[in-house]
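Step one of this worksheet: look at the structure below.
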Amino acid sequence: MGRWALDVAFLWRAVLTLGLVLLYYCFSIGITFYNKWLTKSFHFPLFMTMLHLAVIFLFSALSRALVQCSSHRARVVLSWTDYLRRVAPTALATALDVGLSNWSFLYITVSLYTMTKSSAVLFILIFSLIFKLEELRAALVLVVLLIAGGLFMFTYKSTQFNVEGFALVLGASFIGGIRWTLTQMLLQKAELGLQNPIDTMFHLQPLMFLGLFPLFAVFEGLHLSTSEKIFRFQDTGLLLRVLGSLFLGGILAFGLGFSEFLLVSRTSSLTLSIAGIFKEVCTLLLAAHLLGDQISLLNWLGFALCLSGISLHVALKALHARGDGAPKSLKGLGSNPDLELLLRTSQPDEEDNEEEYFVAQGQQ
């Protein structure tokens, strides 16, 4: 009877993990292809990103309100001093990362975007060394060389290569390294009370919106103000379809962050990292099959080399976490009582290494 119960529990955990991974794949791969599809007809990616930020803020606020009603505990609200001094740098870096990533869809294919964005892990490592969140080791040098070499091989003689789009997404990856390093430092400040990603998203979105607005005003403001799709619309039906499409993208963006949160909370950050690696492969295969992206053998070898570097880094972090016995900070994401909004049971015995979580984030 006891063995049967253990088998059922293991099977249930496996099914739950698979379901959460598939949910994460749906949102992550879905928003990539959705944004690429939308920018083909709506050439205002910065405005699209700003609207997504507004939707994420709305759903984050609703989630916080539901948690507060359920737990009867007040949610954290930062003072203006902490908000502007500690959150603003992270918000600005995040806004530029997301904005430039969406902007690049005007020029490059999904496959080139996916490969280049994977290099964010490289910049995360570099900035982790600069901010002394990582120690310089020979294995890290090997990881950097594998990812950099893979990126070069993937873009070398690519028939669908676009310099402007590549520069935008590479810039986004560079800023993404700063973004996730600052995010890690932000979440490690226990006194701020932003360990719950829902609270983090709630506080980041307004400053992200303001940080992206000057870039939008300079590059898209005038064109958008004269566009018949938004402000000078003549067809109300077309306007509603455009706004509905933009709103749906915001829902996908919020769902991506929330699905990552659920996957980490119910399994581990290592699961998210491994799932992120396979997600890149799925994205490239879908891009080649559905969109006709041309990927040569050399490009595939470069992608495999880059993934091997990412996989090596994930494996090193897993071994490091197991050797330490416990993570340095952000213990027990899965045991956070705020998860009672969605999951009434918690796993207080499971501790996750937050470093792996940020590696997975860098792959988005």
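Following the order of the structure tokens, first chain is A, next is B, and so on, with residues numbered from 1 inside each chain and ligands from 1 in the order they appear.
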Excluding region 201-207 of chain A and any residue of its chain fewer than 5 positions from it, enumerate the residues within 6 Å of it, using only C-alpha atoms, and give them as a PyMOL selection string.
-> chain A and resi 53+57+60+91
Would you save the residues of that selection, restricted to N, CA and C atoms, as a PDB file, in the first residue's frame?
```
ATOM      1  N   LEU A  53       3.518  46.581 -20.825  1.00  0.00           N
ATOM      2  CA  LEU A  53       3.894  46.929 -19.456  1.00  0.00           C
ATOM      3  C   LEU A  53       2.678  47.358 -18.641  1.00  0.00           C
ATOM      4  N   PHE A  57       1.293  45.440 -15.338  1.00  0.00           N
ATOM      5  CA  PHE A  57       1.065  46.165 -14.082  1.00  0.00           C
ATOM      6  C   PHE A  57      -0.358  45.931 -13.577  1.00  0.00           C
ATOM      7  N   SER A  60      -0.592  42.371 -12.264  1.00  0.00           N
ATOM      8  CA  SER A  60       0.196  42.253 -11.035  1.00  0.00           C
ATOM      9  C   SER A  60      -0.551  42.867  -9.861  1.00  0.00           C
ATOM     10  N   ALA A  91      14.680  48.783 -13.330  1.00  0.00           N
ATOM     11  CA  ALA A  91      13.548  49.051 -14.219  1.00  0.00           C
ATOM     12  C   ALA A  91      14.018  49.600 -15.557  1.00  0.00           C
TER      13      ALA A  91
END
```
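If only C-alpha atoms are the atoms counted, then among A:Ser245, A:Gln68, A:Leu96, A:Phe59 the closest residue to Pro214 (chain A) is A:Leu96.
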Shell of 10 Å around region 217-227 of chain A, only C-alpha atoms, local chain residues under 2 positions omitted, as a PyMOL selection string = chain A and resi 43-47+212-215+229-233
With the cut-off set at 12 Å and counting only C-alpha atoms, tabulate each residue of region 95-193 of chain A with an atom at most that distance from an atom of region 73-80 of chain A, showing the nearest atom pair and its distance in Å to one decimal, ordered by chain and increasing number, as a Markdown table.
```
| residue | atom | partner | partner_atom | distance |
| --- | --- | --- | --- | --- |
| A:Ala190 | CA | A:Val76 | CA | 11.7 |
| A:Glu191 | CA | A:Leu78 | CA | 10.2 |
| A:Leu192 | CA | A:Leu78 | CA | 7.1 |
| A:Gly193 | CA | A:Val76 | CA | 6.3 |
```
Output file for the selection above: all heavy atoms, as a PDB file, in the first residue's frame:
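Final output, selection_25.pdb:
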```
ATOM      1  N   ALA A 190      16.756  41.535   1.331  1.00  0.00           N
ATOM      2  CA  ALA A 190      15.582  41.036   2.062  1.00  0.00           C
ATOM      3  C   ALA A 190      14.777  42.158   2.692  1.00  0.00           C
ATOM      4  O   ALA A 190      13.562  42.048   2.849  1.00  0.00           O
ATOM      5  CB  ALA A 190      16.032  40.031   3.127  1.00  0.00           C
ATOM      6  N   GLU A 191      15.464  43.254   3.048  1.00  0.00           N
ATOM      7  CA  GLU A 191      14.741  44.342   3.727  1.00  0.00           C
ATOM      8  C   GLU A 191      13.729  45.026   2.820  1.00  0.00           C
ATOM      9  O   GLU A 191      12.789  45.677   3.302  1.00  0.00           O
ATOM     10  CB  GLU A 191      15.733  45.378   4.268  1.00  0.00           C
ATOM     11  CG  GLU A 191      16.507  46.172   3.214  1.00  0.00           C
ATOM     12  CD  GLU A 191      17.763  45.473   2.739  1.00  0.00           C
ATOM     13  OE1 GLU A 191      17.920  44.276   3.054  1.00  0.00           O
ATOM     14  OE2 GLU A 191      18.582  46.119   2.059  1.00  0.00           O
ATOM     15  N   LEU A 192      13.887  44.876   1.486  1.00  0.00           N
ATOM     16  CA  LEU A 192      12.924  45.484   0.562  1.00  0.00           C
ATOM     17  C   LEU A 192      11.636  44.673   0.470  1.00  0.00           C
ATOM     18  O   LEU A 192      10.588  45.214   0.123  1.00  0.00           O
ATOM     19  CB  LEU A 192      13.544  45.621  -0.832  1.00  0.00           C
ATOM     20  CG  LEU A 192      14.719  46.596  -0.975  1.00  0.00           C
ATOM     21  CD1 LEU A 192      15.217  46.623  -2.410  1.00  0.00           C
ATOM     22  CD2 LEU A 192      14.319  47.998  -0.525  1.00  0.00           C
ATOM     23  N   GLY A 193      11.717  43.383   0.736  1.00  0.00           N
ATOM     24  CA  GLY A 193      10.522  42.537   0.694  1.00  0.00           C
ATOM     25  C   GLY A 193      10.024  42.240  -0.701  1.00  0.00           C
ATOM     26  O   GLY A 193       8.824  42.028  -0.902  1.00  0.00           O
TER      27      GLY A 193
END
```
Enumerate, in order of chain and increasing residue number, the residues of region 72-187 of chain A with an atom no farther than 12 Å from region 26-31 of chain A, each with its shortest atom pair and distance in Å to one decimal, counting only C-alpha atoms, as JSON lines.
```
{"residue": "A:Ser101", "atom": "CA", "partner": "A:Ile31", "partner_atom": "CA", "distance": 11.9}
{"residue": "A:Asn102", "atom": "CA", "partner": "A:Ile31", "partner_atom": "CA", "distance": 10.3}
{"residue": "A:Phe105", "atom": "CA", "partner": "A:Ile31", "partner_atom": "CA", "distance": 11.9}
{"residue": "A:Val110", "atom": "CA", "partner": "A:Ile29", "partner_atom": "CA", "distance": 10.2}
{"residue": "A:Ser111", "atom": "CA", "partner": "A:Ile29", "partner_atom": "CA", "distance": 11.7}
{"residue": "A:Thr114", "atom": "CA", "partner": "A:Ile29", "partner_atom": "CA", "distance": 10.1}
```
How would the residues just chosen look if you wrote them out with N, CA, C and O atoms as a PDB file, in the first residue's frame?
```
ATOM      1  N   SER A 101      14.494  44.236 -27.688  1.00  0.00           N
ATOM      2  CA  SER A 101      14.191  42.882 -28.180  1.00  0.00           C
ATOM      3  C   SER A 101      12.997  42.912 -29.126  1.00  0.00           C
ATOM      4  O   SER A 101      13.030  42.330 -30.218  1.00  0.00           O
ATOM      5  N   ASN A 102      11.924  43.578 -28.699  1.00  0.00           N
ATOM      6  CA  ASN A 102      10.741  43.673 -29.566  1.00  0.00           C
ATOM      7  C   ASN A 102      11.018  44.505 -30.815  1.00  0.00           C
ATOM      8  O   ASN A 102      10.479  44.222 -31.896  1.00  0.00           O
ATOM      9  N   PHE A 105      12.453  42.662 -33.882  1.00  0.00           N
ATOM     10  CA  PHE A 105      11.572  41.819 -34.697  1.00  0.00           C
ATOM     11  C   PHE A 105      11.198  42.484 -36.022  1.00  0.00           C
ATOM     12  O   PHE A 105      10.734  41.806 -36.945  1.00  0.00           O
ATOM     13  N   VAL A 110      12.994  35.007 -36.402  1.00  0.00           N
ATOM     14  CA  VAL A 110      12.849  34.440 -35.059  1.00  0.00           C
ATOM     15  C   VAL A 110      14.072  33.603 -34.700  1.00  0.00           C
ATOM     16  O   VAL A 110      14.537  33.609 -33.552  1.00  0.00           O
ATOM     17  N   SER A 111      14.613  32.878 -35.668  1.00  0.00           N
ATOM     18  CA  SER A 111      15.773  32.020 -35.385  1.00  0.00           C
ATOM     19  C   SER A 111      16.999  32.842 -34.994  1.00  0.00           C
ATOM     20  O   SER A 111      17.692  32.506 -34.018  1.00  0.00           O
ATOM     21  N   THR A 114      16.375  34.259 -31.533  1.00  0.00           N
ATOM     22  CA  THR A 114      16.495  33.253 -30.480  1.00  0.00           C
ATOM     23  C   THR A 114      17.947  32.956 -30.162  1.00  0.00           C
ATOM     24  O   THR A 114      18.348  32.903 -28.998  1.00  0.00           O
TER      25      THR A 114
END
```
Find the residues around Asn299 (chain A) up to 7 Å (only C-alpha atoms counted), leave out those fewer than 6 positions away in its own chain, and share them as an MDAnalysis selection string.
-> chainID A and resid 153:155
Within 9 Å of region 147-152 of chain A, counting only C-alpha atoms, which residues show up once you throw out same-chain ones fewer than 6 positions away? Write them as an MDAnalysis selection string, please.
-> chainID A and resid 115:116 118:119 121:122 299 301:310
Any chance you could export the current selection's all heavy atoms as a CSV table (one decimal), in the first residue's frame?
```csv
chain,number,residue,atom,x,y,z
A,115,MET,N,18.7,32.8,-31.2
A,115,MET,CA,20.2,32.5,-31.0
A,115,MET,C,20.9,33.6,-30.3
A,115,MET,O,21.7,33.4,-29.4
A,115,MET,CB,20.8,32.1,-32.3
A,115,MET,CG,22.3,31.9,-32.3
A,115,MET,SD,22.7,30.5,-31.2
A,115,MET,CE,24.4,30.8,-30.9
A,116,THR,N,20.7,34.8,-30.8
A,116,THR,CA,21.4,36.0,-30.3
A,116,THR,C,21.0,36.3,-28.9
A,116,THR,O,21.8,36.6,-28.0
A,116,THR,CB,21.2,37.2,-31.2
A,116,THR,OG1,21.4,36.9,-32.5
A,116,THR,CG2,22.1,38.3,-30.8
A,118,SER,N,20.1,34.2,-26.7
A,118,SER,CA,20.7,33.2,-25.8
A,118,SER,C,22.0,33.6,-25.3
A,118,SER,O,22.5,33.2,-24.2
A,118,SER,CB,20.9,31.8,-26.6
A,118,SER,OG,19.6,31.3,-27.0
A,119,SER,N,22.7,34.6,-26.0
A,119,SER,CA,24.0,35.1,-25.6
A,119,SER,C,23.8,35.9,-24.3
A,119,SER,O,24.9,36.4,-23.8
A,119,SER,CB,24.6,35.9,-26.7
A,119,SER,OG,23.9,37.1,-27.0
A,121,VAL,N,23.2,35.0,-21.5
A,121,VAL,CA,23.8,34.3,-20.4
A,121,VAL,C,25.3,34.7,-20.4
A,121,VAL,O,25.9,34.8,-19.3
A,121,VAL,CB,23.7,32.8,-20.7
A,121,VAL,CG1,24.4,32.0,-19.6
A,121,VAL,CG2,22.3,32.3,-20.7
A,122,LEU,N,25.9,34.9,-21.5
A,122,LEU,CA,27.3,35.4,-21.6
A,122,LEU,C,27.5,36.7,-20.8
A,122,LEU,O,28.4,36.9,-20.0
A,122,LEU,CB,27.7,35.5,-23.0
A,122,LEU,CG,29.1,36.2,-23.3
A,122,LEU,CD1,30.2,35.3,-22.8
A,122,LEU,CD2,29.3,36.4,-24.8
A,299,ASN,N,25.2,27.0,-39.0
A,299,ASN,CA,24.4,27.7,-38.0
A,299,ASN,C,23.9,26.8,-36.9
A,299,ASN,O,23.9,27.1,-35.7
A,299,ASN,CB,23.2,28.4,-38.7
A,299,ASN,CG,23.6,29.4,-39.7
A,299,ASN,OD1,22.9,29.7,-40.7
A,299,ASN,ND2,24.8,30.0,-39.6
A,301,LEU,N,25.4,24.0,-35.9
A,301,LEU,CA,26.5,23.7,-35.1
A,301,LEU,C,26.9,24.8,-34.1
A,301,LEU,O,27.2,24.5,-33.0
A,301,LEU,CB,27.7,23.4,-36.0
A,301,LEU,CG,27.7,22.1,-36.8
A,301,LEU,CD1,28.9,22.0,-37.8
A,301,LEU,CD2,27.6,20.9,-35.9
A,302,GLY,N,26.7,26.0,-34.6
A,302,GLY,CA,27.0,27.2,-33.7
A,302,GLY,C,25.9,27.2,-32.6
A,302,GLY,O,26.3,27.5,-31.4
A,303,PHE,N,24.7,26.9,-32.9
A,303,PHE,CA,23.7,26.9,-31.9
A,303,PHE,C,23.9,25.8,-30.9
A,303,PHE,O,23.8,26.0,-29.7
A,303,PHE,CB,22.3,26.7,-32.6
A,303,PHE,CG,21.1,26.7,-31.6
A,303,PHE,CD1,20.8,27.8,-31.0
A,303,PHE,CD2,20.4,25.5,-31.4
A,303,PHE,CE1,19.7,27.8,-30.1
A,303,PHE,CE2,19.3,25.5,-30.5
A,303,PHE,CZ,19.0,26.7,-29.8
A,304,ALA,N,24.3,24.6,-31.4
A,304,ALA,CA,24.6,23.5,-30.5
A,304,ALA,C,25.8,23.8,-29.6
A,304,ALA,O,25.8,23.5,-28.4
A,304,ALA,CB,25.0,22.2,-31.3
A,305,LEU,N,26.8,24.6,-30.1
A,305,LEU,CA,28.0,25.0,-29.3
A,305,LEU,C,27.5,25.9,-28.2
A,305,LEU,O,28.0,25.9,-27.1
A,305,LEU,CB,29.0,25.6,-30.2
A,305,LEU,CG,30.4,25.9,-29.6
A,305,LEU,CD1,31.1,24.6,-29.2
A,305,LEU,CD2,31.3,26.7,-30.6
A,306,CYS,N,26.6,26.9,-28.6
A,306,CYS,CA,26.1,27.8,-27.6
A,306,CYS,C,25.3,27.1,-26.5
A,306,CYS,O,25.5,27.4,-25.3
A,306,CYS,CB,25.3,28.9,-28.3
A,306,CYS,SG,24.7,30.2,-27.2
A,307,LEU,N,24.5,26.2,-26.9
A,307,LEU,CA,23.7,25.5,-25.9
A,307,LEU,C,24.5,24.6,-25.0
A,307,LEU,O,24.2,24.4,-23.8
A,307,LEU,CB,22.6,24.6,-26.6
A,307,LEU,CG,21.4,25.3,-27.2
A,307,LEU,CD1,20.4,24.2,-27.7
A,307,LEU,CD2,20.8,26.2,-26.2
A,308,SER,N,25.6,24.1,-25.6
A,308,SER,CA,26.6,23.3,-24.7
A,308,SER,C,27.2,24.2,-23.6
A,308,SER,O,27.4,23.7,-22.5
A,308,SER,CB,27.6,22.7,-25.6
A,308,SER,OG,28.5,23.6,-26.2
A,309,GLY,N,27.5,25.4,-24.0
A,309,GLY,CA,28.0,26.4,-23.0
A,309,GLY,C,27.0,26.7,-21.9
A,309,GLY,O,27.3,26.7,-20.7
A,310,ILE,N,25.7,26.9,-22.3
A,310,ILE,CA,24.7,27.2,-21.4
A,310,ILE,C,24.4,26.0,-20.5
A,310,ILE,O,24.3,26.1,-19.3
A,310,ILE,CB,23.4,27.6,-22.1
A,310,ILE,CG1,23.6,28.9,-22.9
A,310,ILE,CG2,22.2,27.7,-21.1
A,310,ILE,CD1,22.4,29.3,-23.8
```
List as JSON lines every residue of region 69-145 of chain A that is in contact with region 185-188 of chain A, defined as an atom at most 12 Å from one of its atoms (using only C-alpha atoms), together with the nearest atom pair and the distance in Å rounded to one decimal, sorted by chain and then rising number.
```
{"residue": "A:Asp82", "atom": "CA", "partner": "A:Leu186", "partner_atom": "CA", "distance": 10.8}
{"residue": "A:Tyr83", "atom": "CA", "partner": "A:Leu186", "partner_atom": "CA", "distance": 10.9}
{"residue": "A:Arg85", "atom": "CA", "partner": "A:Leu186", "partner_atom": "CA", "distance": 11.0}
{"residue": "A:Arg86", "atom": "CA", "partner": "A:Leu186", "partner_atom": "CA", "distance": 7.2}
{"residue": "A:Val87", "atom": "CA", "partner": "A:Leu186", "partner_atom": "CA", "distance": 7.3}
{"residue": "A:Ala88", "atom": "CA", "partner": "A:Leu186", "partner_atom": "CA", "distance": 10.5}
{"residue": "A:Pro89", "atom": "CA", "partner": "A:Leu186", "partner_atom": "CA", "distance": 9.9}
{"residue": "A:Thr90", "atom": "CA", "partner": "A:Leu186", "partner_atom": "CA", "distance": 7.9}
{"residue": "A:Ala91", "atom": "CA", "partner": "A:Leu186", "partner_atom": "CA", "distance": 10.7}
{"residue": "A:Phe127", "atom": "CA", "partner": "A:Met185", "partner_atom": "CA", "distance": 11.6}
{"residue": "A:Ser128", "atom": "CA", "partner": "A:Met185", "partner_atom": "CA", "distance": 10.0}
{"residue": "A:Phe131", "atom": "CA", "partner": "A:Met185", "partner_atom": "CA", "distance": 9.3}
{"residue": "A:Lys132", "atom": "CA", "partner": "A:Met185", "partner_atom": "CA", "distance": 10.9}
{"residue": "A:Leu133", "atom": "CA", "partner": "A:Met185", "partner_atom": "CA", "distance": 8.8}
```
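CA of Thr109 (chain A) sits 25.9 Å away from CA of Met208 (chain A).
Note that the spacing between CA of Leu20 (chain A) and CA of Glu280 (chain A) amounts to 16.8 Å.
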